[in-house]
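Novice: Contents of my_file_9.cif (mmCIF, C-alpha atoms and all ligand atoms) are given next:
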data_upload
#
loop_
_atom_site.label_atom_id
_atom_site.label_comp_id
_atom_site.auth_asym_id
_atom_site.auth_seq_id
_atom_site.Cartn_x
_atom_site.Cartn_y
_atom_site.Cartn_z
CA MET E 19 84.46 90.61 115.29
CA LEU E 20 84.48 87.24 113.60
CA SER E 21 82.73 84.01 114.49
CA ALA E 22 84.96 81.30 115.91
CA GLU E 23 84.50 79.38 112.66
CA ASP E 24 85.59 82.31 110.49
CA ASN E 25 88.55 82.99 112.78
CA GLU E 26 89.69 79.41 112.20
CA LEU E 27 89.02 79.64 108.50
CA ILE E 28 91.00 82.85 107.98
CA THR E 29 94.06 82.02 110.12
CA ARG E 30 94.93 78.37 109.40
CA SER E 31 97.45 77.89 106.61
CA GLY E 32 98.36 74.19 106.58
CA PRO E 33 98.18 72.28 103.29
CA ASP E 34 94.80 70.79 104.14
CA THR E 35 93.07 74.04 105.05
CA PRO E 36 91.06 76.33 102.74
CA ALA E 37 93.22 79.40 103.52
CA GLY E 38 96.32 77.26 103.10
CA ARG E 39 95.12 76.20 99.66
CA LEU E 40 94.36 79.83 98.80
CA LEU E 41 97.81 81.06 99.92
CA ARG E 42 99.44 78.27 97.91
CA GLN E 43 97.91 79.60 94.71
CA PHE E 44 100.25 82.60 95.02
CA TRP E 45 104.05 82.88 94.96
CA VAL E 46 105.45 83.34 98.47
CA PRO E 47 108.96 84.40 99.55
CA VAL E 48 110.65 81.56 101.42
CA LEU E 49 114.22 82.87 101.84
CA LEU E 50 116.42 85.86 101.27
CA SER E 51 118.64 85.19 98.26
CA GLU E 52 121.63 85.89 100.55
CA GLU E 53 120.75 82.83 102.65
CA LEU E 54 121.99 80.69 99.76
CA PRO E 55 125.01 82.87 98.98
CA GLU E 56 126.76 80.85 96.26
CA PRO E 57 126.48 77.76 94.05
CA ASP E 58 126.80 74.48 95.96
CA CYS E 59 126.61 76.23 99.34
CA PRO E 60 125.12 74.36 102.32
CA PRO E 61 121.38 73.65 102.05
CA LYS E 62 118.98 75.50 104.31
CA ARG E 63 116.10 74.06 106.32
CA ILE E 64 112.91 76.07 105.93
CA LYS E 65 109.36 75.72 107.15
CA VAL E 66 106.59 77.28 105.11
CA MET E 67 102.90 77.11 106.04
CA GLY E 68 103.53 74.05 108.19
CA GLU E 69 105.63 72.19 105.59
CA ASP E 70 109.21 71.22 106.42
CA LEU E 71 111.28 71.85 103.32
CA LEU E 72 114.89 72.09 102.20
CA ALA E 73 116.32 74.80 99.97
CA PHE E 74 119.60 74.50 98.09
CA ARG E 75 121.44 76.28 95.30
CA ASP E 76 122.98 74.03 92.67
CA SER E 77 126.20 74.47 90.70
CA ALA E 78 124.42 76.57 88.07
CA GLY E 79 122.99 78.90 90.75
CA ARG E 80 119.44 77.56 90.47
CA VAL E 81 117.48 77.22 93.69
CA GLY E 82 115.57 74.07 94.61
CA VAL E 83 112.90 73.90 97.31
CA VAL E 84 112.26 70.24 98.03
CA ASP E 85 110.93 67.71 100.51
CA PRO E 86 113.94 66.92 102.72
CA VAL E 87 113.09 63.21 103.11
CA CYS E 88 115.11 60.93 100.84
CA PRO E 89 112.72 58.54 99.04
CA HIS E 90 115.14 55.61 99.46
CA ARG E 91 115.08 55.07 103.23
CA GLY E 92 114.07 58.41 104.62
CA ALA E 93 117.39 60.04 105.53
CA ASN E 94 117.19 63.79 105.81
CA LEU E 95 118.82 65.48 102.86
CA TYR E 96 119.81 68.42 105.05
CA TYR E 97 122.96 66.38 105.72
CA GLY E 98 123.38 65.88 102.00
CA ARG E 99 126.39 66.83 99.91
CA ASN E 100 125.67 69.68 97.51
CA GLU E 101 127.67 68.35 94.57
CA HIS E 102 127.94 69.06 90.89
CA SER E 103 124.37 69.98 89.84
CA GLY E 104 122.53 68.15 92.58
CA LEU E 105 122.15 67.28 96.22
CA ARG E 106 123.43 63.81 97.13
CA CYS E 107 122.05 61.84 100.05
CA VAL E 108 125.02 60.79 102.17
CA PHE E 109 123.36 57.54 103.33
CA HIS E 110 123.52 55.56 100.04
CA GLY E 111 124.29 58.19 97.44
CA TRP E 112 121.03 58.92 95.66
CA LYS E 113 121.30 62.34 94.03
CA PHE E 114 118.57 64.87 93.26
CA GLY E 115 118.27 67.97 91.06
CA VAL E 116 116.54 71.24 91.96
CA ASP E 117 113.40 69.98 90.22
CA GLY E 118 113.32 66.90 92.48
CA ARG E 119 114.35 64.47 89.76
CA CYS E 120 116.55 61.60 90.91
CA LEU E 121 119.73 62.02 88.85
CA GLU E 122 121.67 59.05 90.24
CA MET E 123 120.60 55.93 92.12
CA PRO E 124 123.88 54.03 92.67
CA THR E 125 122.36 51.28 94.83
CA MET E 126 119.76 50.26 92.23
CA PRO E 127 120.21 48.06 89.15
CA ALA E 128 120.47 49.92 85.87
CA ASP E 129 117.07 48.65 84.76
CA SER E 130 115.26 49.53 88.01
CA PRO E 131 111.83 51.06 87.29
CA TYR E 132 112.48 53.43 90.19
CA ARG E 133 114.93 55.34 87.99
CA ASP E 134 112.11 57.05 86.11
CA ARG E 135 109.45 56.97 88.79
CA VAL E 136 111.06 58.20 91.99
CA ARG E 137 111.10 61.94 92.59
CA LEU E 138 111.41 64.26 95.52
CA LYS E 139 108.48 66.58 95.96
CA SER E 140 109.74 69.96 94.74
CA TYR E 141 108.27 73.41 94.27
CA PRO E 142 109.06 75.82 91.43
CA THR E 143 111.20 78.78 92.52
CA ARG E 144 112.13 82.22 91.22
CA GLU E 145 114.47 84.90 92.53
CA TRP E 146 112.77 88.27 92.49
CA GLY E 147 113.64 91.38 94.48
CA GLU E 148 116.49 89.51 96.22
CA TYR E 149 114.08 86.98 97.69
CA VAL E 150 113.65 83.33 96.74
CA TRP E 151 109.97 82.78 95.98
CA ALA E 152 108.28 79.39 95.80
CA TYR E 153 105.04 78.35 94.18
CA MET E 154 103.45 75.65 96.35
CA GLY E 155 100.14 75.49 94.50
CA PRO E 156 98.51 72.91 92.29
CA ALA E 157 98.80 74.50 88.84
CA ALA E 158 101.17 72.81 86.38
CA GLU E 159 102.09 76.25 85.10
CA PRO E 160 102.69 78.71 87.98
CA PRO E 161 101.14 82.16 87.70
CA PRO E 162 103.34 85.21 86.97
CA LEU E 163 105.15 86.77 89.92
CA PRO E 164 103.39 89.77 91.50
CA ARG E 165 105.08 92.89 90.12
CA LEU E 166 105.55 94.52 93.52
CA ALA E 167 107.12 97.97 93.14
CA PHE E 168 110.12 97.24 95.37
CA ALA E 169 111.20 94.44 93.04
CA LEU E 170 110.97 96.65 89.93
CA VAL E 171 113.75 99.05 91.00
CA PRO E 172 117.49 98.24 90.69
CA PRO E 173 119.06 96.49 93.72
CA SER E 174 120.91 99.74 94.55
CA HIS E 175 117.52 101.42 95.18
CA ARG E 176 116.24 98.90 97.75
CA TYR E 177 117.03 97.17 101.02
CA VAL E 178 115.39 93.85 101.85
CA SER E 179 115.38 91.90 105.08
CA LYS E 180 113.25 89.47 107.03
CA LYS E 181 112.28 89.10 110.65
CA TRP E 182 110.76 86.39 112.80
CA GLN E 183 107.48 86.95 114.59
CA ASP E 184 105.81 84.87 117.31
CA CYS E 185 102.19 85.04 116.25
CA ASN E 186 99.81 84.12 113.47
CA TRP E 187 100.58 85.91 110.21
CA LEU E 188 97.16 87.55 109.89
CA GLN E 189 97.41 89.76 112.96
CA CYS E 190 100.62 91.16 111.44
CA VAL E 191 98.72 92.00 108.24
CA GLU E 192 96.06 93.66 110.37
CA GLY E 193 98.71 95.65 112.25
CA ALA E 194 100.03 96.97 108.95
CA LEU E 195 96.59 98.12 107.80
CA ASP E 196 95.67 99.56 111.20
CA THR E 197 97.14 103.01 110.60
CA THR E 198 95.15 104.40 113.53
CA HIS E 199 97.61 102.99 116.06
CA PHE E 200 100.28 105.53 115.12
CA SER E 201 98.59 108.03 117.41
CA PHE E 202 99.68 105.87 120.33
CA LEU E 203 101.87 102.81 119.81
CA HIS E 204 104.72 104.58 118.00
CA MET E 205 104.39 108.01 119.62
CA LEU E 206 107.04 109.60 121.72
CA LEU E 207 105.73 111.53 124.68
CA GLY E 208 106.20 115.25 125.03
CA THR E 209 104.37 118.32 123.93
CA GLU E 210 104.94 120.24 120.74
CA GLU E 211 107.96 118.13 119.82
CA ALA E 212 106.05 114.85 119.92
CA GLU E 213 107.00 112.69 116.96
CA THR E 214 106.94 109.01 116.21
CA ALA E 215 110.26 107.23 116.40
CA GLU E 216 109.84 106.38 112.73
CA ALA E 217 109.10 109.98 111.93
CA VAL E 218 112.23 111.20 113.64
CA MET E 219 114.32 108.89 111.48
CA GLU E 220 112.55 109.89 108.29
CA ARG E 221 112.87 113.58 109.05
CA ILE E 222 116.56 113.35 109.81
CA LYS E 223 117.26 111.37 106.66
CA HIS E 224 115.21 113.54 104.35
CA ALA E 225 115.76 116.97 105.77
CA ALA E 226 117.18 118.11 102.44
CA LEU E 227 114.25 117.07 100.31
CA GLY E 228 112.01 120.11 100.31
CA ALA E 229 109.11 121.63 102.15
CA GLN E 230 106.56 118.87 101.73
CA ALA E 231 108.98 116.21 103.01
CA VAL E 232 109.91 118.01 106.19
CA ARG E 233 106.49 119.07 107.32
CA ASN E 234 106.72 118.01 110.91
CA ASP E 235 103.16 119.14 111.28
CA ARG E 236 102.11 115.68 110.17
CA PHE E 237 103.32 114.21 113.41
CA LYS E 238 101.32 116.73 115.39
CA TRP E 239 98.28 115.84 113.29
CA VAL E 240 98.77 112.13 114.01
CA ARG E 241 99.12 112.81 117.71
CA ASP E 242 96.17 115.17 117.91
CA ASP E 243 93.64 113.15 115.92
CA PRO E 244 93.38 109.53 117.07
CA MET E 245 90.18 108.98 115.07
CA PRO E 246 91.05 109.17 111.36
CA ALA E 247 88.15 108.85 108.93
CA PHE E 248 88.66 105.78 106.76
CA SER E 249 87.88 105.20 103.09
CA VAL E 250 88.64 101.97 101.24
CA ASP E 251 88.80 101.39 97.48
CA GLU E 252 88.97 97.89 96.02
CA PHE E 253 90.86 96.87 92.86
CA PRO E 254 91.89 93.53 91.36
CA ALA E 255 95.05 93.15 93.47
CA GLY E 256 93.53 94.26 96.77
CA LEU E 257 92.57 97.37 98.71
CA VAL E 258 93.62 101.00 99.01
CA VAL E 259 93.10 101.93 102.67
CA GLY E 260 93.09 105.67 103.41
CA GLY E 261 92.88 107.21 106.89
CA ALA E 262 92.32 110.99 106.96
CA ARG E 263 93.16 113.05 110.04
CA LYS E 264 92.40 116.69 110.67
CA ALA E 265 95.23 118.91 109.49
CA ASP E 266 95.35 122.70 109.41
CA GLY E 267 92.40 124.75 108.18
CA ASP E 268 90.24 122.83 105.74
CA ASP E 269 92.92 120.26 104.95
CA LEU E 270 93.10 116.59 105.87
CA TYR E 271 96.29 114.62 106.42
CA TRP E 272 95.97 111.29 104.62
CA ARG E 273 97.95 108.17 105.40
CA ILE E 274 97.24 105.63 102.71
CA ALA E 275 98.24 101.95 102.81
CA HIS E 276 97.65 99.04 100.44
CA TYR E 277 96.59 95.49 101.15
CA LEU E 278 97.69 93.27 98.27
CA VAL E 279 96.18 89.80 98.28
CA PRO E 280 96.79 87.55 99.94
CA ASN E 281 99.70 88.52 102.23
CA HIS E 282 101.34 91.86 101.34
CA ALA E 283 100.91 95.34 102.86
CA LEU E 284 102.49 98.67 101.91
CA ALA E 285 103.18 101.34 104.54
CA PRO E 286 101.34 104.68 104.57
CA SER E 287 104.10 107.06 105.53
CA ALA E 288 106.06 108.24 102.48
CA PHE E 289 105.77 111.76 101.18
CA PRO E 290 107.25 112.47 97.72
CA GLY E 291 110.99 111.85 97.70
CA GLU E 292 110.94 109.71 100.85
CA ASN E 293 111.56 106.00 101.02
CA TYR E 294 108.71 103.52 100.61
CA HIS E 295 108.24 100.50 102.82
CA GLY E 296 106.32 97.25 102.51
CA GLN E 297 105.98 93.79 104.04
CA THR E 298 105.04 90.28 102.96
CA PHE E 299 103.81 87.95 105.68
CA VAL E 300 104.53 84.23 105.31
CA PRO E 301 103.29 81.71 107.87
CA VAL E 302 105.92 79.36 109.26
CA ASN E 303 103.09 77.55 110.99
CA ASP E 304 99.87 78.93 112.47
CA THR E 305 101.58 80.58 115.46
CA SER E 306 104.69 82.13 113.92
CA CYS E 307 105.65 83.81 110.67
CA TRP E 308 108.42 85.43 108.69
CA ILE E 309 107.89 89.04 107.75
CA TYR E 310 109.75 89.86 104.55
CA THR E 311 110.42 93.57 104.82
CA TYR E 312 111.51 95.96 102.08
CA THR E 313 112.44 99.62 101.75
CA TRP E 314 112.96 101.25 98.39
CA ASN E 315 113.24 104.56 96.62
CA PRO E 316 112.05 104.68 93.01
CA ASP E 317 114.16 107.75 92.25
CA ARG E 318 117.62 107.12 93.65
CA PRO E 319 119.93 104.55 95.26
CA LEU E 320 119.64 104.16 99.01
CA THR E 321 122.57 105.65 100.90
CA GLU E 322 124.89 103.59 103.06
CA GLU E 323 123.49 105.47 106.07
CA GLU E 324 119.97 104.35 105.17
CA ARG E 325 121.10 100.74 104.80
CA GLU E 326 122.87 100.88 108.13
CA ALA E 327 119.80 102.44 109.75
CA ALA E 328 117.70 99.53 108.44
CA ARG E 329 120.23 97.03 109.78
CA GLN E 330 120.06 98.80 113.14
CA GLY E 331 116.29 98.32 113.20
CA HIS E 332 114.99 101.72 112.16
CA THR E 333 111.84 102.45 110.13
CA ILE E 334 110.04 99.20 109.37
CA HIS E 335 113.00 96.87 109.90
CA ALA E 336 113.87 95.02 113.10
CA GLN E 337 117.30 94.66 114.63
CA VAL E 338 117.90 90.94 114.14
CA ASP E 339 120.52 88.32 114.99
CA GLU E 340 122.24 86.04 112.47
CA HIS E 341 119.09 83.88 112.32
CA TYR E 342 116.89 86.91 111.51
CA VAL E 343 115.29 86.75 114.96
CA PRO E 344 114.78 90.22 116.50
CA TYR E 345 117.00 90.89 119.51
CA ARG E 346 114.00 92.41 121.27
CA ASN E 347 111.35 89.69 121.19
CA LEU E 348 108.65 87.81 123.09
CA ARG E 349 111.17 85.82 125.13
CA ASN E 350 112.75 88.90 126.69
CA ASP E 351 109.63 91.12 126.82
CA TYR E 352 111.11 93.17 123.96
CA LEU E 353 113.52 94.63 126.57
CA ILE E 354 110.75 96.93 127.72
CA ASP E 355 112.11 99.86 129.76
CA ARG E 356 109.40 100.99 132.18
CA GLU E 357 111.28 104.14 133.05
CA ASP E 358 111.46 105.09 129.37
CA GLN E 359 107.75 104.28 129.12
CA LYS E 360 107.07 106.76 131.92
CA ARG E 361 109.12 109.55 130.46
CA ASN E 362 109.64 109.20 126.73
CA SER E 363 107.59 106.72 124.73
CA PHE E 364 104.22 105.02 125.01
CA THR E 365 105.70 101.54 124.99
CA GLY E 366 109.16 101.81 126.53
CA ILE E 367 110.16 99.47 123.70
CA GLN E 368 112.82 100.49 121.24
CA GLY E 369 112.01 100.29 117.51
CA VAL E 370 108.81 100.70 115.50
CA SER E 371 109.04 97.11 114.30
CA GLU E 372 109.55 95.78 117.82
CA GLN E 373 106.66 97.91 119.11
CA ASP E 374 104.42 96.38 116.44
CA ALA E 375 105.67 92.87 117.21
CA ALA E 376 105.14 93.25 120.96
CA ILE E 377 101.56 94.29 120.59
CA GLN E 378 100.70 91.84 117.80
CA ASP E 379 102.25 88.92 119.69
CA SER E 380 100.35 90.08 122.78
CA GLN E 381 97.07 89.44 120.96
CA GLY E 382 97.87 85.74 121.37
CA PRO E 383 99.43 83.03 119.19
CA ILE E 384 96.22 83.25 117.15
CA ALA E 385 94.19 86.34 118.04
CA ASP E 386 90.68 85.58 119.31
CA ARG E 387 88.58 87.77 117.04
CA THR E 388 85.31 86.68 118.64
CA ARG E 389 85.89 89.07 121.56
CA GLU E 390 86.63 92.28 119.68
CA HIS E 391 84.67 95.53 119.63
CA LEU E 392 85.49 97.14 116.30
CA GLY E 393 84.68 100.74 115.39
CA PRO E 394 84.92 103.07 112.38
CA THR E 395 88.73 103.34 112.61
CA ASP E 396 88.96 99.56 112.05
CA LEU E 397 87.40 99.77 108.60
CA GLY E 398 90.59 98.76 106.76
CA ILE E 399 90.83 95.58 108.83
CA VAL E 400 87.15 94.78 108.36
CA ARG E 401 87.43 95.16 104.59
CA MET E 402 90.61 93.09 104.40
CA ARG E 403 88.97 90.25 106.35
CA ARG E 404 85.88 90.41 104.16
CA LEU E 405 87.98 90.25 100.99
CA LEU E 406 90.17 87.42 102.29
CA LEU E 407 87.25 85.37 103.60
CA GLY E 408 85.56 85.85 100.23
CA LEU E 409 88.66 84.52 98.47
CA ILE E 410 88.82 81.56 100.86
CA ARG E 411 85.16 80.74 100.18
CA ASP E 412 85.86 81.10 96.45
CA GLU E 413 88.69 78.63 96.85
CA MET E 414 86.34 76.18 98.56
CA ALA E 415 83.98 76.58 95.61
CA GLY E 416 86.78 76.02 93.09
CA ARG E 417 86.96 79.62 91.85
CA THR E 418 90.36 81.18 91.03
CA PRO E 419 91.30 84.58 92.55
CA GLN E 420 91.22 87.34 89.92
CA ALA E 421 94.45 88.82 91.35
CA LEU E 422 96.39 85.88 89.88
CA SER E 423 95.69 87.17 86.38
CA HIS E 424 96.58 90.78 87.32
CA PRO E 425 100.25 90.63 88.39
CA ASP E 426 100.85 94.17 87.05
CA GLU E 427 98.28 95.60 89.46
CA TYR E 428 100.69 94.91 92.33
CA ALA E 429 102.99 97.71 91.07
CA VAL E 430 101.54 100.39 93.35
CA LEU E 431 102.90 102.92 95.85
CA SER E 432 101.35 103.88 99.18
CA GLY E 433 102.06 107.08 101.06
CA GLY E 434 100.95 110.27 102.71
CA TRP E 435 99.46 113.50 101.42
CA VAL E 436 97.65 116.65 102.56
CA ALA E 437 94.50 117.52 100.65
CA HIS E 438 91.41 119.69 100.95
CA LYS E 439 88.66 118.00 102.94
CA SER E 440 86.37 117.95 99.89
CA LYS E 441 88.61 115.37 98.13
CA ALA E 442 87.71 111.68 98.07
CA LEU E 443 90.33 108.93 98.41
CA ASP E 444 90.69 108.36 94.66
CA GLU E 445 91.19 112.09 94.07
CA VAL E 446 93.80 112.27 96.83
CA MET E 447 95.63 109.28 95.31
CA THR E 448 95.55 110.95 91.91
CA GLU E 449 96.99 114.16 93.37
CA ARG E 450 99.71 112.21 95.18
CA PHE E 451 100.63 109.56 92.59
CA GLY E 452 98.96 110.62 89.32
CA ASN E 453 96.75 107.52 89.52
CA PRO E 454 93.78 106.64 91.75
CA LEU E 455 95.40 103.35 92.81
CA GLY E 456 98.99 104.56 93.14
CA TYR E 457 99.92 102.54 90.07
CA VAL E 458 103.51 103.02 88.91
CA GLY E 459 104.04 100.02 86.64
CA GLN E 460 103.69 99.78 82.90
CA GLU E 461 100.80 101.44 81.11
CA ARG E 462 97.72 99.29 81.23
S1 LIG E 501 118.32 57.04 102.40
FE1 LIG E 501 119.04 58.41 100.91
S2 LIG E 501 120.16 57.19 99.58
FE2 LIG E 501 119.46 55.79 101.08
FE FE E 502 102.90 100.00 113.63
#
Translate this structure into structure tokens?
Ligand code: FES
Ligand SMILES: [Fe+2]
Specialist:
Amino acid sequence: MLSAEDNELITRSGPDTPAGRLLRQFWVPVLLSEELPEPDCPPKRIKVMGEDLLAFRDSAGRVGVVDPVCPHRGANLYYGRNEHSGLRCVFHGWKFGVDGRCLEMPTMPADSPYRDRVRLKSYPTREWGEYVWAYMGPAAEPPPLPRLAFALVPPSHRYVSKKWQDCNWLQCVEGALDTTHFSFLHMLLGTEEAETAEAVMERIKHAALGAQAVRNDRFKWVRDDPMPAFSVDEFPAGLVVGGARKADGDDLYWRIAHYLVPNHALAPSAFPGENYHGQTFVPVNDTSCWIYTYTWNPDRPLTEEEREAARQGHTIHAQVDEHYVPYRNLRNDYLIDREDQKRNSFTGIQGVSEQDAAIQDSQGPIADRTREHLGPTDLGIVRMRRLLLGLIRDEMAGRTPQALSHPDEYAVLSGGWVAHKSKALDEVMTERFGNPLGYVGQER
């Protein structure tokens, strides 16, 4: 559990909060690139960590993320005209570039001092992995982008999406690191055939990929051992979180996730040849967030069937409407089917992502961590909180997170493996990925 003070400290992300200042030292995704589909397309309202902003793509294809309030008389630039190389306020014609500079000020005399002085607040942007990222921090020179593995593969090898969630971003991070819950939340009922909904999809898609990939035993192991033994290794970009369940004989079945500071998590499911999944959690405000969700395969392009499955809300993706809001959400009780809950699945809710959302939202708009009773299977969550609170306290003391100078360390893979019970987490990772951290980037 956390004290009430620490729960406030770790969950609040506004510009005047310590965690908000910490998050702003890192690049955060603020849009899918497809939301600004072409030069001079309509601007898009966005809200990031409590800040109302406007994103637009100029004639050269560059993306601006700016304060939407026109500095002349406060009209909202959302109604602006996205013209040749700038966004023009339709009230009196002031025009702004993606960097916030005022390019034209037709109502002011030629010698007005405002011409050099007036700017819109703007944040640097980059497009990376088919997301628009913004740097909302204080440094004049933004840090390098995190070299997340999904963004290093060609676009043909990945599928990216985003989904709305009605709770504080941190309980979504915790849900991603809590690999224990697979023994219940995502389980289908039944006897020997019991499999998670996610597992069924993965098995069907990868049935041709060899013995290791189709070992359905892993789903039996997940079902039969709800108390995995956790090990956590720390490295400059975050944590490797391994949960080991009893397998057959002297083997353990490991499901290994990553927490990458401050707001990324990689899923623990992939065996060699299978698709990898990850998520980046970005607060909209303190009681809702966008989850940027990615699936990729380092070895081959994704098939059209896999893309369609993601669009339909399989694996880690949600089935969303045109505003990226899941069809099954808090406002309709996730379309829970009590009959299905009796007969087929633990939740009666369709979709792994929607099952996660239902239960994370149910913890409250901001989960009250003062009332918890944590045990050994919550070790990954405990270590993540400790690391994040440490970074927040560092921020309050003026110290810079070391992860900012280690962007290459983000190039890691998470996944599953079966290993003899004598093996420690770093040995299992080395067997699975050839590296104790799952590193797949350039040689260090
Ligand atoms: S309010 Fe925008 S130009 Fe006047
Ligand atoms: Fe889950």
Novice: At a cut-off of 7 Å around ligand FE 502 (chain E), and using all atoms listed in the file, what residues come up? Please write them as an mmCIF file with C-alpha atoms, in the coordinates of the input.
Specialist:
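What ended up in result_7.cif:
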data_model
loop_
_atom_site.group_PDB
_atom_site.id
_atom_site.type_symbol
_atom_site.label_atom_id
_atom_site.label_comp_id
_atom_site.auth_asym_id
_atom_site.auth_seq_id
_atom_site.Cartn_x
_atom_site.Cartn_y
_atom_site.Cartn_z
ATOM 1 C CA GLY E 193 98.710 95.650 112.250
ATOM 2 C CA ALA E 194 100.030 96.970 108.950
ATOM 3 C CA HIS E 199 97.610 102.990 116.060
ATOM 4 C CA PHE E 200 100.280 105.530 115.120
ATOM 5 C CA LEU E 203 101.870 102.810 119.810
ATOM 6 C CA HIS E 204 104.720 104.580 118.000
ATOM 7 C CA VAL E 370 108.810 100.700 115.500
ATOM 8 C CA SER E 371 109.040 97.110 114.300
ATOM 9 C CA GLN E 373 106.660 97.910 119.110
ATOM 10 C CA ASP E 374 104.420 96.380 116.440
#
Novice: Give the answer as one residue: which of E:Arg329, E:His90, E:Lys113, E:Arg30 has the shortest atom-to-atom distance to ligand LIG 501 (chain E), using only C-alpha atoms and all ligand atoms?
Specialist: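 Result for the nearest residue to ligand LIG 501 (chain E): E:His90.
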Novice: Box for ligand LIG 501 (chain E) - axis-aligned, 3 Å on each of the six sides, all listed atoms - centre and size in Å to one decimal, as AutoDock Vina command-line options.
Specialist:
--center_x 119.2 --center_y 57.1 --center_z 101.0 --size_x 7.8 --size_y 8.6 --size_z 8.8
Novice: Dump the neighbourhood of ligand LIG 501 (chain E) as an mmCIF file with C-alpha atoms, in the frame of the given file: all residues within 12 Å, distances computed on all atoms listed in the file.
Specialist:
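For reference, selection24.cif as written:
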data_model
loop_
_atom_site.group_PDB
_atom_site.id
_atom_site.type_symbol
_atom_site.label_atom_id
_atom_site.label_comp_id
_atom_site.auth_asym_id
_atom_site.auth_seq_id
_atom_site.Cartn_x
_atom_site.Cartn_y
_atom_site.Cartn_z
ATOM 1 C CA PRO E 86 113.940 66.920 102.720
ATOM 2 C CA VAL E 87 113.090 63.210 103.110
ATOM 3 C CA CYS E 88 115.110 60.930 100.840
ATOM 4 C CA PRO E 89 112.720 58.540 99.040
ATOM 5 C CA HIS E 90 115.140 55.610 99.460
ATOM 6 C CA ARG E 91 115.080 55.070 103.230
ATOM 7 C CA GLY E 92 114.070 58.410 104.620
ATOM 8 C CA ALA E 93 117.390 60.040 105.530
ATOM 9 C CA ASN E 94 117.190 63.790 105.810
ATOM 10 C CA LEU E 95 118.820 65.480 102.860
ATOM 11 C CA TYR E 96 119.810 68.420 105.050
ATOM 12 C CA TYR E 97 122.960 66.380 105.720
ATOM 13 C CA GLY E 98 123.380 65.880 102.000
ATOM 14 C CA ARG E 99 126.390 66.830 99.910
ATOM 15 C CA LEU E 105 122.150 67.280 96.220
ATOM 16 C CA ARG E 106 123.430 63.810 97.130
ATOM 17 C CA CYS E 107 122.050 61.840 100.050
ATOM 18 C CA VAL E 108 125.020 60.790 102.170
ATOM 19 C CA PHE E 109 123.360 57.540 103.330
ATOM 20 C CA HIS E 110 123.520 55.560 100.040
ATOM 21 C CA GLY E 111 124.290 58.190 97.440
ATOM 22 C CA TRP E 112 121.030 58.920 95.660
ATOM 23 C CA LYS E 113 121.300 62.340 94.030
ATOM 24 C CA PHE E 114 118.570 64.870 93.260
ATOM 25 C CA CYS E 120 116.550 61.600 90.910
ATOM 26 C CA LEU E 121 119.730 62.020 88.850
ATOM 27 C CA GLU E 122 121.670 59.050 90.240
ATOM 28 C CA MET E 123 120.600 55.930 92.120
ATOM 29 C CA PRO E 124 123.880 54.030 92.670
ATOM 30 C CA THR E 125 122.360 51.280 94.830
ATOM 31 C CA MET E 126 119.760 50.260 92.230
ATOM 32 C CA VAL E 136 111.060 58.200 91.990
ATOM 33 C CA LEU E 138 111.410 64.260 95.520
#
Novice: Hey, can you check how far atom CA of E:Asp269 sits from atom CA of E:Trp239?
Specialist: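 Separating atom CA of E:Asp269 from atom CA of E:Trp239 is a distance of 10.9 Å.
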Novice: Restricting the calculation to all atoms listed in the file, which member of E:Asp76, E:Asp184, E:Glu390, E:Asp304 is positioned closest to E:Pro33?
Specialist: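 Checking each candidate against E:Pro33, we get E:Asp304 as the closest.
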Novice: Restricting the calculation to all atoms listed in the file, which member of E:Pro131, E:Gly155, E:Gly147, E:Gly79 is positioned closest to E:Cys59?
Specialist: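 Going through E:Pro131, E:Gly155, E:Gly147, E:Gly79 one by one, the smallest distance to E:Cys59 is for E:Gly79.
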Novice: Measure the distance from atom CA of E:Leu397 to atom CA of E:Met245 in Å and round it to one decimal.
Specialist: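 Atom-to-atom, atom CA of E:Leu397 to atom CA of E:Met245, that is 11.6 Å.
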Novice: Check the smallest atom-to-atom distance from each of E:Arg144, E:Arg42, E:Lys139, E:Arg133 to E:Leu71 using all atoms listed in the file, then report the winner.
Specialist: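 Closest candidate: E:Lys139.
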Novice: Interatomic distance between atom CA of E:Pro244 and atom CA of E:Pro290?
Specialist: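 Separation of atom CA of E:Pro244 and atom CA of E:Pro290: 24.0 Å.
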Novice: Do a neighbour search on stretch 166-183 of chain E at 7 Å with all atoms listed in the file, toss out local chain neighbours closer than 3 positions, and write the hits as an MDAnalysis selection string.
Specialist: chainID E and resid 146:147 306:316 318:320 325 336 338 342:344 375 428:430
Novice: With distances taken over only C-alpha atoms, which of E:Met154, E:Leu20, E:Leu422, E:Val436 is nearest to E:Arg404?
Specialist: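 The shortest atom-to-atom distance to E:Arg404 comes from E:Leu20.
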Novice: Considering only C-alpha atoms, can you say which of E:Ile410, E:Ala22, E:Val259, E:Val48 comes closest to E:Thr388?
Specialist: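 Checking each of E:Ile410, E:Ala22, E:Val259, E:Val48 against E:Thr388, counting only C-alpha atoms, the winner is E:Ala22.
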Novice: With a distance cut-off of 12 Å and all atoms listed in the file, select the neighbouring residues of E:Gln381, excluding the residue or stretch itself and same-chain residues fewer than 2 positions from it, and output the selection as a list in words.
Specialist: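 Selected residues are Asp184, Cys185, Asn186, Trp187, Leu188, Gln189, Cys190, Glu192, Gly193, Thr305, Leu348, Asp374, Ala375, Ala376, Ile377, Gln378, Asp379, Pro383, Ile384, Ala385, Asp386, Arg387, Arg389 and Glu390 of chain E.
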